[in-house]
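Have a look at work-v3.cif; it's mmCIF, C-alpha atoms and all ligand atoms:
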data_upload
#
loop_
_atom_site.label_atom_id
_atom_site.label_comp_id
_atom_site.auth_asym_id
_atom_site.auth_seq_id
_atom_site.Cartn_x
_atom_site.Cartn_y
_atom_site.Cartn_z
CA MET V 1 12.77 22.52 19.46
CA ILE V 2 13.25 18.85 20.40
CA PHE V 3 15.58 16.41 18.66
CA ILE V 4 14.72 12.73 19.13
CA SER V 5 17.82 10.63 18.54
CA GLU V 6 18.16 7.11 17.14
CA ALA V 7 18.93 5.84 20.67
CA GLU V 8 15.71 7.39 22.08
CA ILE V 9 13.71 6.07 19.15
CA ALA V 10 15.14 2.56 19.58
CA SER V 11 13.87 2.55 23.17
CA LEU V 12 10.35 3.56 22.06
CA LEU V 13 9.82 1.42 18.95
CA THR V 14 7.66 -1.71 19.19
CA TRP V 15 6.42 -3.91 16.37
CA GLU V 16 2.85 -3.66 17.65
CA GLY V 17 2.87 0.15 17.49
CA THR V 18 4.72 0.23 14.18
CA LEU V 19 2.33 -2.23 12.52
CA LYS V 20 -0.72 -0.26 13.68
CA ALA V 21 0.71 3.10 12.56
CA THR V 22 1.79 1.74 9.18
CA GLU V 23 -1.54 0.04 8.57
CA ALA V 24 -3.29 3.34 9.36
CA ALA V 25 -1.10 5.09 6.74
CA LEU V 26 -1.73 2.40 4.10
CA LYS V 27 -5.48 2.68 4.73
CA ALA V 28 -5.38 6.49 4.63
CA ALA V 29 -3.73 6.40 1.18
CA SER V 30 -6.90 4.76 -0.12
CA ASN V 31 -9.59 6.73 1.68
CA GLY V 32 -8.47 10.27 0.96
CA THR V 33 -7.15 11.18 4.40
CA SER V 34 -3.48 11.61 3.49
CA ALA V 35 -1.80 14.09 1.19
CA LYS V 36 -1.19 12.76 -2.33
CA THR V 37 2.37 13.90 -2.66
CA GLN V 38 5.20 12.67 -4.81
CA ARG V 39 8.72 12.65 -3.50
CA LEU V 40 11.54 14.57 -5.10
CA TYR V 41 14.75 12.82 -6.14
CA THR V 42 17.92 14.90 -6.47
CA GLN V 43 20.97 13.29 -8.01
CA ILE V 44 24.18 14.67 -6.53
CA LEU V 45 25.97 15.81 -9.67
CA ASN V 46 27.70 13.01 -11.52
CA THR V 47 27.82 10.56 -8.59
CA PRO V 48 25.71 7.64 -7.33
CA LYS V 49 24.74 9.79 -4.34
CA TRP V 50 21.23 11.15 -4.03
CA MET V 51 18.82 13.05 -1.83
CA ILE V 52 15.12 12.40 -1.47
CA THR V 53 12.60 14.84 0.04
CA MET V 54 9.28 13.36 1.15
CA PRO V 55 6.58 15.81 2.32
CA GLY V 56 3.48 14.31 3.90
CA TYR V 57 0.29 14.89 5.84
CA LEU V 58 -1.92 12.28 7.49
CA GLU V 59 -5.29 12.96 9.15
CA ASP V 60 -5.86 10.57 12.05
CA SER V 61 -6.68 11.14 15.72
CA LYS V 62 -3.96 8.71 16.86
CA TYR V 63 -1.40 8.62 14.04
CA GLY V 64 -2.04 11.91 12.24
CA GLY V 65 0.86 14.27 11.57
CA TRP V 66 2.41 16.84 9.26
CA ALA V 67 5.99 15.95 8.44
CA CYS V 68 8.75 15.98 5.88
CA LYS V 69 11.49 13.36 5.64
CA THR V 70 14.82 13.87 3.96
CA LEU V 71 17.05 10.96 2.99
CA THR V 72 20.61 11.11 1.84
CA GLY V 73 22.02 8.02 0.21
CA ASN V 74 25.24 6.61 -1.13
CA PRO V 75 24.91 3.04 -2.45
CA GLN V 76 28.69 2.73 -2.48
CA ASN V 77 29.13 3.44 1.22
CA VAL V 78 30.96 0.45 2.66
CA ASN V 79 31.56 1.78 6.18
CA GLY V 80 27.96 1.80 7.38
CA PRO V 81 24.38 2.16 6.21
CA THR V 82 23.91 3.46 2.67
CA LEU V 83 20.99 5.59 3.84
CA ASN V 84 20.55 8.43 6.38
CA ALA V 85 17.15 9.83 7.18
CA ASN V 86 15.71 12.64 9.29
CA ILE V 87 12.09 13.64 9.83
CA MET V 88 10.80 17.15 10.59
CA LEU V 89 7.47 17.10 12.45
CA PHE V 90 5.37 20.30 12.27
CA ASP V 91 2.65 21.67 14.51
CA GLU V 92 -0.61 20.73 12.82
CA ARG V 93 -2.26 24.10 13.46
CA SER V 94 0.52 26.63 12.98
CA GLY V 95 2.90 24.73 10.72
CA ALA V 96 5.82 25.62 13.01
CA LEU V 97 8.62 23.09 13.37
CA LYS V 98 7.94 21.00 16.48
CA THR V 99 10.51 18.21 16.45
CA VAL V 100 13.24 16.63 14.37
CA LEU V 101 13.46 12.86 14.63
CA SER V 102 16.28 10.68 13.40
CA GLY V 103 14.61 8.77 10.61
CA THR V 104 16.80 5.78 9.82
CA GLU V 105 15.32 3.21 12.21
CA ILE V 106 11.83 4.60 11.68
CA THR V 107 12.30 4.05 7.93
CA ASN V 108 13.63 0.52 8.44
CA TRP V 109 10.83 -0.45 10.83
CA ARG V 110 7.91 1.06 8.91
CA THR V 111 9.18 -0.42 5.61
CA ALA V 112 9.23 -3.88 7.18
CA ALA V 113 5.83 -3.24 8.76
CA ALA V 114 4.35 -2.19 5.38
CA SER V 115 5.49 -5.54 3.94
CA ALA V 116 4.03 -7.38 6.94
CA VAL V 117 0.68 -5.59 6.57
CA ALA V 118 0.71 -6.36 2.82
CA THR V 119 1.51 -10.01 3.55
CA LYS V 120 -1.30 -10.18 6.11
CA TYR V 121 -3.93 -8.87 3.67
CA LEU V 122 -2.58 -10.26 0.38
CA HIS V 123 -1.32 -13.68 1.44
CA SER V 124 -2.02 -14.94 4.94
CA ARG V 125 -5.77 -14.72 4.46
CA VAL V 126 -5.66 -17.23 1.60
CA SER V 127 -2.55 -19.32 2.32
CA ASN V 128 -2.32 -19.84 6.07
CA PRO V 129 -0.26 -21.29 7.66
CA GLU V 130 2.94 -19.70 6.36
CA LYS V 131 5.82 -22.10 5.95
CA VAL V 132 8.94 -20.74 4.30
CA LEU V 133 10.03 -17.10 4.18
CA SER V 134 13.05 -16.08 2.06
CA ILE V 135 14.76 -12.74 2.56
CA PHE V 136 17.14 -11.48 -0.12
CA GLY V 137 19.40 -8.69 1.13
CA CYS V 138 20.68 -8.59 4.71
CA GLY V 139 21.28 -4.85 5.07
CA GLU V 140 19.24 -2.50 7.26
CA ILE V 141 15.92 -3.11 5.53
CA GLY V 142 16.46 -6.88 5.29
CA ARG V 143 17.34 -7.09 8.99
CA ALA V 144 14.21 -5.11 9.99
CA HIS V 145 12.08 -7.47 7.88
CA ALA V 146 13.62 -10.52 9.58
CA HIS V 147 12.71 -9.16 13.03
CA CYS V 148 9.28 -7.93 11.98
CA PHE V 149 8.24 -11.15 10.20
CA TYR V 150 9.58 -13.36 13.00
CA ASN V 151 7.46 -11.40 15.47
CA SER V 152 4.35 -11.18 13.25
CA PHE V 153 3.99 -14.63 11.66
CA GLU V 154 4.69 -18.30 12.40
CA PHE V 155 7.14 -19.27 9.66
CA ILE V 156 8.76 -22.69 10.08
CA GLU V 157 11.93 -21.61 8.25
CA ILE V 158 13.35 -18.16 7.49
CA ARG V 159 16.00 -18.17 4.77
CA LEU V 160 18.58 -15.44 4.38
CA TRP V 161 20.58 -14.67 1.26
CA ASN V 162 23.02 -11.82 0.76
CA ARG V 163 25.47 -10.93 -2.01
CA THR V 164 28.26 -11.23 0.56
CA LEU V 165 27.71 -14.53 2.34
CA GLN V 166 29.32 -13.41 5.62
CA LYS V 167 26.72 -10.68 6.07
CA ALA V 168 23.91 -13.23 5.88
CA GLN V 169 25.78 -15.54 8.28
CA LYS V 170 26.28 -12.71 10.76
CA LEU V 171 22.59 -11.78 10.67
CA ALA V 172 21.46 -15.41 11.00
CA SER V 173 23.67 -15.93 14.09
CA GLU V 174 22.43 -12.69 15.62
CA LEU V 175 18.78 -13.64 15.07
CA ASN V 176 19.06 -17.29 16.11
CA GLU V 177 20.79 -16.17 19.29
CA LYS V 178 18.36 -13.37 20.10
CA TYR V 179 15.27 -15.51 19.59
CA ASN V 180 16.84 -18.76 20.84
CA THR V 181 15.86 -20.55 17.64
CA THR V 182 17.37 -22.34 14.62
CA LYS V 183 14.77 -21.02 12.16
CA PHE V 184 17.12 -18.59 10.43
CA ARG V 185 19.14 -20.43 7.75
CA VAL V 186 21.70 -19.01 5.34
CA PHE V 187 21.52 -19.85 1.63
CA GLU V 188 24.44 -19.26 -0.69
CA ASN V 189 22.49 -20.05 -3.84
CA LYS V 190 19.70 -17.65 -4.84
CA GLU V 191 17.62 -20.21 -6.71
CA ALA V 192 17.70 -22.69 -3.82
CA CYS V 193 16.71 -19.88 -1.47
CA ALA V 194 13.72 -18.86 -3.61
CA ARG V 195 12.41 -22.33 -4.51
CA ASP V 196 9.41 -23.47 -2.42
CA ALA V 197 9.26 -20.16 -0.56
CA ASP V 198 5.73 -19.11 0.41
CA VAL V 199 6.72 -15.50 0.98
CA ILE V 200 9.74 -13.65 -0.45
CA ILE V 201 11.23 -10.31 0.54
CA THR V 202 13.75 -8.49 -1.63
CA ALA V 203 15.71 -5.72 0.09
CA THR V 204 18.67 -4.89 -2.13
CA SER V 205 19.72 -1.98 -4.32
CA PRO V 206 18.35 -3.18 -7.68
CA GLY V 207 21.23 -4.01 -10.02
CA LYS V 208 21.46 -4.44 -13.82
CA VAL V 209 20.60 -8.15 -13.59
CA PRO V 210 17.34 -8.96 -11.76
CA LEU V 211 17.78 -10.84 -8.52
CA ILE V 212 14.82 -13.25 -8.74
CA LYS V 213 13.66 -15.30 -11.75
CA TYR V 214 10.10 -16.36 -12.52
CA GLU V 215 10.98 -20.02 -13.06
CA TRP V 216 12.17 -20.37 -9.46
CA LEU V 217 8.82 -19.42 -7.94
CA LYS V 218 6.12 -21.50 -6.31
CA GLU V 219 2.48 -21.04 -7.36
CA GLY V 220 0.75 -18.40 -5.25
CA VAL V 221 3.95 -17.02 -3.73
CA HIS V 222 3.69 -13.52 -2.27
CA ILE V 223 6.65 -11.19 -2.86
CA ASN V 224 7.38 -7.95 -1.02
CA ALA V 225 9.82 -6.13 -3.31
CA THR V 226 11.26 -3.17 -1.41
CA GLY V 227 14.42 -2.22 -3.32
CA VAL V 228 13.93 1.11 -5.02
CA VAL V 229 15.89 3.05 -7.61
CA GLY V 230 15.00 6.72 -7.92
CA SER V 231 12.82 7.75 -10.84
CA SER V 232 15.32 10.35 -11.98
CA LEU V 233 17.87 7.65 -12.78
CA SER V 234 18.02 6.74 -16.45
CA ASP V 235 18.96 3.07 -16.02
CA LYS V 236 15.95 2.11 -13.88
CA THR V 237 16.07 -1.53 -12.78
CA PHE V 238 14.03 -3.88 -10.58
CA GLU V 239 14.84 -6.80 -8.30
CA LEU V 240 12.32 -9.12 -10.02
CA ASP V 241 12.58 -10.22 -13.65
CA ARG V 242 10.05 -9.15 -16.29
CA GLU V 243 8.42 -12.59 -16.42
CA ILE V 244 7.47 -12.28 -12.76
CA TYR V 245 5.69 -9.00 -13.41
CA LYS V 246 4.02 -10.45 -16.51
CA HIS V 247 2.51 -13.27 -14.41
CA SER V 248 1.67 -11.32 -11.24
CA GLU V 249 -0.92 -9.15 -9.65
CA VAL V 250 1.01 -6.09 -8.50
CA TYR V 251 -0.11 -4.11 -5.44
CA VAL V 252 1.32 -0.72 -4.51
CA ASP V 253 1.25 1.52 -1.46
CA ASN V 254 -0.02 4.58 -3.37
CA TRP V 255 -1.11 5.27 -6.94
CA PRO V 256 0.49 8.75 -7.35
CA GLY V 257 3.87 7.29 -6.36
CA ALA V 258 3.38 4.22 -8.55
CA ASN V 259 2.33 6.32 -11.54
CA ALA V 260 5.44 8.45 -11.14
CA GLU V 261 7.95 5.68 -10.35
CA LEU V 262 6.63 2.36 -11.65
CA GLY V 263 5.56 3.14 -15.22
CA GLU V 264 7.95 0.47 -16.57
CA LEU V 265 5.97 -2.33 -14.92
CA THR V 266 2.95 -1.79 -17.18
CA GLY V 267 5.35 -2.14 -20.12
CA PHE V 268 6.47 -5.51 -18.70
CA GLY V 269 2.83 -6.65 -18.84
CA ALA V 270 2.12 -6.38 -15.10
CA ASN V 271 -1.45 -6.33 -13.87
CA MET V 272 -1.25 -3.23 -11.66
CA LYS V 273 -4.11 -4.33 -9.44
CA ALA V 274 -4.64 -2.07 -6.43
CA GLU V 275 -3.32 -0.14 -3.49
CA VAL V 276 -2.87 -2.34 -0.41
CA GLY V 277 -5.20 0.12 1.37
CA GLU V 278 -7.97 -0.62 -1.14
CA VAL V 279 -7.76 -4.30 -0.13
CA ILE V 280 -7.64 -3.42 3.60
CA LEU V 281 -10.76 -1.28 3.16
CA GLY V 282 -12.52 -4.06 1.22
CA LYS V 283 -12.87 -1.87 -1.90
CA ILE V 284 -11.01 -4.45 -4.00
CA ALA V 285 -10.71 -8.20 -3.46
CA GLY V 286 -7.15 -9.40 -2.86
CA PRO V 287 -5.39 -12.37 -4.49
CA ASP V 288 -7.01 -15.82 -4.52
CA GLY V 289 -3.82 -17.62 -3.44
CA LYS V 290 -3.17 -19.19 -6.86
CA GLN V 291 -1.59 -16.23 -8.66
CA ILE V 292 1.72 -14.65 -7.73
CA SER V 293 1.17 -11.40 -5.83
CA VAL V 294 3.81 -8.68 -5.63
CA PHE V 295 3.72 -5.80 -3.18
CA GLN V 296 5.96 -3.31 -4.98
CA SER V 297 6.77 -1.13 -2.00
CA LEU V 298 7.84 2.44 -2.65
CA GLY V 299 7.52 3.91 0.83
CA MET V 300 5.21 6.79 1.68
CA ALA V 301 5.66 10.07 3.52
CA SER V 302 2.38 9.37 5.30
CA GLU V 303 3.95 6.27 6.90
CA ASP V 304 6.65 8.55 8.29
CA CYS V 305 4.00 11.02 9.52
CA ALA V 306 2.26 8.19 11.41
CA MET V 307 5.54 6.97 12.89
CA ALA V 308 6.76 10.47 13.81
CA ARG V 309 3.48 11.15 15.64
CA LEU V 310 3.61 7.79 17.42
CA ILE V 311 7.19 8.30 18.59
CA TYR V 312 6.64 11.98 19.50
CA ASP V 313 3.64 11.08 21.70
CA LEU V 314 5.55 8.25 23.40
CA TYR V 315 8.59 10.50 23.91
CA MET V 316 6.49 13.28 25.48
CA LYS V 317 4.73 10.80 27.77
CA LYS V 318 8.09 9.46 28.92
CA GLN V 319 9.42 13.00 29.54
CA GLN V 320 6.34 13.90 31.61
CA LYS V 321 6.72 10.71 33.66
CA ASN V 322 10.39 11.49 34.30
CA THR V 323 9.64 15.02 35.55
CA HIS V 324 6.96 13.90 38.04
N1 LIG V 401 10.28 0.52 -0.10
C1 LIG V 401 10.64 1.32 0.89
O1 LIG V 401 9.79 1.87 1.61
C2 LIG V 401 12.09 1.53 1.16
C3 LIG V 401 13.01 0.96 0.34
N2 LIG V 401 14.34 1.09 0.58
C4 LIG V 401 15.25 0.41 -0.33
O2 LIG V 401 15.62 -0.84 0.27
C5 LIG V 401 16.84 -1.28 -0.32
C6 LIG V 401 17.80 -1.74 0.79
O3 LIG V 401 18.14 -0.65 1.64
P1 LIG V 401 19.09 -0.84 2.90
O4 LIG V 401 18.84 -2.14 3.53
O5 LIG V 401 18.98 0.39 3.71
O6 LIG V 401 20.52 -0.90 2.21
P2 LIG V 401 21.83 -1.63 2.75
O7 LIG V 401 22.93 -1.07 1.95
O8 LIG V 401 21.89 -1.58 4.22
O9 LIG V 401 21.61 -3.15 2.32
C7 LIG V 401 21.48 -3.55 1.00
C8 LIG V 401 21.92 -5.01 0.89
O10 LIG V 401 21.69 -5.48 -0.42
C9 LIG V 401 22.88 -6.01 -0.98
N3 LIG V 401 22.94 -5.51 -2.37
C10 LIG V 401 23.12 -4.25 -2.77
N4 LIG V 401 23.05 -4.17 -4.09
C11 LIG V 401 22.81 -5.41 -4.53
C12 LIG V 401 22.61 -5.97 -5.83
N5 LIG V 401 22.64 -5.22 -6.92
N6 LIG V 401 22.36 -7.30 -5.90
C13 LIG V 401 22.31 -8.06 -4.80
N7 LIG V 401 22.49 -7.59 -3.56
C14 LIG V 401 22.74 -6.27 -3.43
C15 LIG V 401 24.04 -5.55 -0.15
O11 LIG V 401 24.95 -6.61 -0.03
C16 LIG V 401 23.39 -5.20 1.20
O12 LIG V 401 23.53 -6.24 2.13
C17 LIG V 401 17.36 -0.10 -1.13
O13 LIG V 401 17.02 -0.33 -2.49
C18 LIG V 401 16.55 1.08 -0.61
O14 LIG V 401 16.40 2.09 -1.56
C19 LIG V 401 14.80 1.80 1.65
C20 LIG V 401 13.91 2.42 2.49
C21 LIG V 401 12.49 2.35 2.30
O1 LIG V 402 10.29 5.52 1.59
C1 LIG V 402 11.46 5.75 1.79
O2 LIG V 402 11.86 6.26 2.85
C2 LIG V 402 12.45 5.38 0.76
N1 LIG V 402 12.04 4.79 -0.25
C3 LIG V 402 12.85 4.36 -1.33
C4 LIG V 402 14.19 4.89 -1.35
C5 LIG V 402 14.76 5.13 -0.05
C6 LIG V 402 13.84 5.68 0.97
#
How does the structure come out when it is put into structure tokens?
Amino acid sequence: MIFISEAEIASLLTWEGTLKATEAALKAASNGTSAKTQRLYTQILNTPKWMITMPGYLEDSKYGGWACKTLTGNPQNVNGPTLNANIMLFDERSGALKTVLSGTEITNWRTAAASAVATKYLHSRVSNPEKVLSIFGCGEIGRAHAHCFYNSFEFIEIRLWNRTLQKAQKLASELNEKYNTTKFRVFENKEACARDADVIITATSPGKVPLIKYEWLKEGVHINATGVVGSSLSDKTFELDREIYKHSEVYVDNWPGANAELGELTGFGANMKAEVGEVILGKIAGPDGKQISVFQSLGMASEDCAMARLIYDLYMKKQQKNTH
């Protein structure tokens, strides 16, 4: 049995591959070629810690796979990422365990890629060229979005906000240096960061008070809201305020997940419009650019199947090359 470490995975990941694999998974959710599974949340006794199990199957000649991801999380972890993930990849014929892949970077990359694919189909088509992108939350998921969106779109300015200012400053310096640019700018004030933004990303652990208010938003803004609180938690909260949902078209990655985990949004008056895959496939028309669109990202096991297959194939190719 092979174990593919975070270091190996980092050397194999590309945005081009990740975007293609993730788009294939989003499409498959809407054409019946991926398993319609719900994930299982386990609260660790009377603590904020949790475990999520995500079983999935995706049928695709290039990105197909049978896999199960486990995530362990502790939102209070201050000495490193709050999330650890591992993916088991099974042989598609026998069901035997084939590989275990570290899943943290895969999760970060495919979550950012899902937002980028959603932005491409729900916003860029109607509102090109993009001007201002605002990212709220500069942790692992926020950082991956900053890289992914810089490499996928032509934003003039990319704003970064984080609860702790220094974290946003550190990320901005890192990005400006890496890309030899001054596009990444830190905002201390949330409202100033959100105002006039064409695209917004939220990547925090949703707290009791929503992060973003409706009155700050520009007409036709597209929001990728990625922060998730497990459905088993009683005090379920969201990063966007109720007024945003009331005035938005909401798109999801998969209906079974949304029905299980996003029931509250209908109560807020949200127009739960479609799966992103339904728009990709042309089954449903996307936004017209005037209304606010929200991609309420949950994350799908099928995205992890596609990524595990992609990385496994690249890893095996590299091994074969090294032995010849
Ligand atoms: N939609 C999807 O597919 C996925 C969603 N997620 C979710 O993305 C979110 C971010 O995850 P990571 O970046 O890995 O976490 P992280 O802990 O690395 O970063 C979270 C950042 O948000 C900030 N933050 C935390 N709670 C906050 C609050 N209540 N208000 C304002 N800022 C707050 C922290 O300062 C931190 O910089 C989590 O909610 C996680 O569950 C994670 C993986 C996949
Ligand atoms: O899709 C995932 O992976 C996750 N989604 C939300 C919570 C953390 C992991």
_Let me see if you get this right: every residue at most 7 Å from ligand LIG 401 (chain V), counting all atoms listed in the file, written as an MDAnalysis selection string._
chainID V and resid 75 81:83 107:108 111 137:142 162:164 167 203:207 211 226:229 297:300
*Identify which of the residues V:Val250, V:Ile284, V:Ala192, V:Cys305 lies closest to ligand LIG 402 (chain V), counting only C-alpha atoms and all ligand atoms when measuring atom-to-atom distances.*
V:Cys305
Give me, as a PDB file with C-alpha atoms, in the frame of the given file, all polymer residues having an atom no more than 12 Å from Ala260 (chain V), counting only C-alpha atoms and skipping those fewer than 2 positions away in the same chain.
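The file below, out_6.pdb, is the result:
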ATOM      1  CA  LYS V  36      -1.190  12.760  -2.330  1.00  0.00           C
ATOM      2  CA  THR V  37       2.370  13.900  -2.660  1.00  0.00           C
ATOM      3  CA  GLN V  38       5.200  12.670  -4.810  1.00  0.00           C
ATOM      4  CA  ARG V  39       8.720  12.650  -3.500  1.00  0.00           C
ATOM      5  CA  LEU V  40      11.540  14.570  -5.100  1.00  0.00           C
ATOM      6  CA  TYR V  41      14.750  12.820  -6.140  1.00  0.00           C
ATOM      7  CA  GLY V 230      15.000   6.720  -7.920  1.00  0.00           C
ATOM      8  CA  SER V 231      12.820   7.750 -10.840  1.00  0.00           C
ATOM      9  CA  SER V 232      15.320  10.350 -11.980  1.00  0.00           C
ATOM     10  CA  ASN V 254      -0.020   4.580  -3.370  1.00  0.00           C
ATOM     11  CA  TRP V 255      -1.110   5.270  -6.940  1.00  0.00           C
ATOM     12  CA  PRO V 256       0.490   8.750  -7.350  1.00  0.00           C
ATOM     13  CA  GLY V 257       3.870   7.290  -6.360  1.00  0.00           C
ATOM     14  CA  ALA V 258       3.380   4.220  -8.550  1.00  0.00           C
ATOM     15  CA  LEU V 262       6.630   2.360 -11.650  1.00  0.00           C
ATOM     16  CA  GLY V 263       5.560   3.140 -15.220  1.00  0.00           C
ATOM     17  CA  GLU V 264       7.950   0.470 -16.570  1.00  0.00           C
ATOM     18  CA  LEU V 265       5.970  -2.330 -14.920  1.00  0.00           C
ATOM     19  CA  LEU V 298       7.840   2.440  -2.650  1.00  0.00           C
TER      20      LEU V 298
END
*Counting all atoms listed in the file, which residues come within 7 Å of (-1.6, -5.8, -3.9), with the point read in the file's coordinates, and could you list them as number ranges by chain?*
V: 122, 249-252, 273-276, 286, 293-295
*Which polymer residues have any atom within 9 Å of an atom of Tyr57 (chain V), counting all atoms listed in the file, with same-chain residues fewer than 5 positions away left out, as a ChimeraX atom specification?*
/V:33-37,64-68,301-302,305-306
Please dump the current selection as a compact mmCIF listing (two decimals), keeping the file's coordinate frame; keep C-alpha atoms.
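Result file is again_18.txt:
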# COMPACT_ATOMS: atom_id res chain seq x y z
CA THR V 33 -7.15 11.18 4.40
CA SER V 34 -3.48 11.61 3.49
CA ALA V 35 -1.80 14.09 1.19
CA LYS V 36 -1.19 12.76 -2.33
CA THR V 37 2.37 13.90 -2.66
CA GLY V 64 -2.04 11.91 12.24
CA GLY V 65 0.86 14.27 11.57
CA TRP V 66 2.41 16.84 9.26
CA ALA V 67 5.99 15.95 8.44
CA CYS V 68 8.75 15.98 5.88
CA ALA V 301 5.66 10.07 3.52
CA SER V 302 2.38 9.37 5.30
CA CYS V 305 4.00 11.02 9.52
CA ALA V 306 2.26 8.19 11.41
*For each of V:Phe3, V:Trp216, V:Phe184, V:Trp109, take the minimum atom-to-atom distance to ligand LIG 402 (chain V), counting only C-alpha atoms and all ligand atoms, then give the residue where this is smallest.*
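Counting only C-alpha atoms and all ligand atoms, the residue closest to ligand LIG 402 (chain V) is V:Trp109.
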*Have a look at V:Tyr315, V:Tyr214, V:Trp15, V:Tyr245 and name the one nearest to Cys148 (chain V); count only C-alpha atoms.*
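Comparing V:Tyr315, V:Tyr214, V:Trp15, V:Tyr245 against Cys148 (chain V), the winner is V:Trp15.
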*Can you tell me how far CA of Leu101 (chain V) sits from CA of Ile135 (chain V), in Å to one decimal?*
28.3 Å
*Computed interatomic separation between CA of Asp60 (chain V) and CA of Ala113 (chain V) (Å)*: 18.4 Å
_Let me make sure I understand: among V:Ala85, V:Ile212, V:Val117, V:Leu160, which one has the smallest atom-to-atom distance to Glu16 (chain V) if we use all atoms listed in the file?_
V:Val117
*Between V:Lys317, V:Gln43, V:Leu281, V:Thr70, which is the closest to Leu12 (chain V) once you count only C-alpha atoms?*
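The closest residue to Leu12 (chain V) is V:Lys317.
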_Top pick for closest residue to Met307 (chain V), considering V:Ile4, V:Ala21, V:Leu165, V:Leu97 and counting all atoms listed in the file_ =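 Going through V:Ile4, V:Ala21, V:Leu165, V:Leu97 one by one, the smallest distance to Met307 (chain V) is for V:Ala21.
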*Using CA of Glu303 (chain V) and CA of Ala25 (chain V) as the two end points, give the distance in Å to one decimal.*
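One can read the CA of Glu303 (chain V) to CA of Ala25 (chain V) distance as 5.2 Å.
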*Using only C-alpha atoms, collect all residues at a distance of at most 8 Å from (13.9, -22.4, -8.6) as written in the file, then present them as a VMD selection string.*
chain V and resid 191 to 192 194 to 196 213 215 to 217
Put region 63-74 of chain V into a file with N, CA, C and O atoms, as a JSON list (two decimals), in the first residue's frame.
[["chain", "number", "residue", "atom", "x", "y", "z"],
["V", 63, "TYR", "N", -10.76, 11.33, -14.38],
["V", 63, "TYR", "CA", -10.78, 11.77, -12.98],
["V", 63, "TYR", "C", -11.60, 10.85, -12.07],
["V", 63, "TYR", "O", -11.83, 11.18, -10.91],
["V", 64, "GLY", "N", -12.05, 9.72, -12.61],
["V", 64, "GLY", "CA", -12.90, 8.83, -11.81],
["V", 64, "GLY", "C", -12.12, 8.18, -10.68],
["V", 64, "GLY", "O", -10.92, 7.93, -10.78],
["V", 65, "GLY", "N", -12.82, 7.91, -9.57],
["V", 65, "GLY", "CA", -12.19, 7.23, -8.45],
["V", 65, "GLY", "C", -13.20, 6.87, -7.38],
["V", 65, "GLY", "O", -14.34, 7.36, -7.37],
["V", 66, "TRP", "N", -12.75, 5.95, -6.51],
["V", 66, "TRP", "CA", -13.58, 5.50, -5.38],
["V", 66, "TRP", "C", -12.75, 5.81, -4.15],
["V", 66, "TRP", "O", -11.63, 5.29, -4.00],
["V", 67, "ALA", "N", -13.25, 6.70, -3.32],
["V", 67, "ALA", "CA", -12.41, 7.18, -2.21],
["V", 67, "ALA", "C", -13.25, 7.58, -1.01],
["V", 67, "ALA", "O", -14.47, 7.77, -1.10],
["V", 68, "CYS", "N", -12.58, 7.68, 0.11],
["V", 68, "CYS", "CA", -13.23, 8.16, 1.33],
["V", 68, "CYS", "C", -12.25, 9.10, 2.04],
["V", 68, "CYS", "O", -11.11, 8.71, 2.30],
["V", 69, "LYS", "N", -12.72, 10.30, 2.35],
["V", 69, "LYS", "CA", -11.86, 11.25, 3.07],
["V", 69, "LYS", "C", -12.31, 11.35, 4.52],
["V", 69, "LYS", "O", -13.51, 11.33, 4.81],
["V", 70, "THR", "N", -11.33, 11.41, 5.41],
["V", 70, "THR", "CA", -11.66, 11.70, 6.80],
["V", 70, "THR", "C", -11.00, 13.03, 7.16],
["V", 70, "THR", "O", -9.88, 13.32, 6.72],
["V", 71, "LEU", "N", -11.70, 13.83, 7.92],
["V", 71, "LEU", "CA", -11.16, 15.11, 8.39],
["V", 71, "LEU", "C", -11.31, 15.18, 9.89],
["V", 71, "LEU", "O", -12.36, 14.82, 10.43],
["V", 72, "THR", "N", -10.26, 15.61, 10.54],
["V", 72, "THR", "CA", -10.36, 15.87, 11.97],
["V", 72, "THR", "C", -10.11, 17.34, 12.17],
["V", 72, "THR", "O", -9.21, 17.92, 11.57],
["V", 73, "GLY", "N", -10.93, 17.97, 12.99],
["V", 73, "GLY", "CA", -10.83, 19.42, 13.13],
["V", 73, "GLY", "C", -10.89, 19.88, 14.57],
["V", 73, "GLY", "O", -11.56, 19.28, 15.40],
["V", 74, "ASN", "N", -10.16, 20.96, 14.83],
["V", 74, "ASN", "CA", -10.24, 21.64, 16.11],
["V", 74, "ASN", "C", -10.15, 23.14, 15.87],
["V", 74, "ASN", "O", -9.06, 23.67, 15.69]]
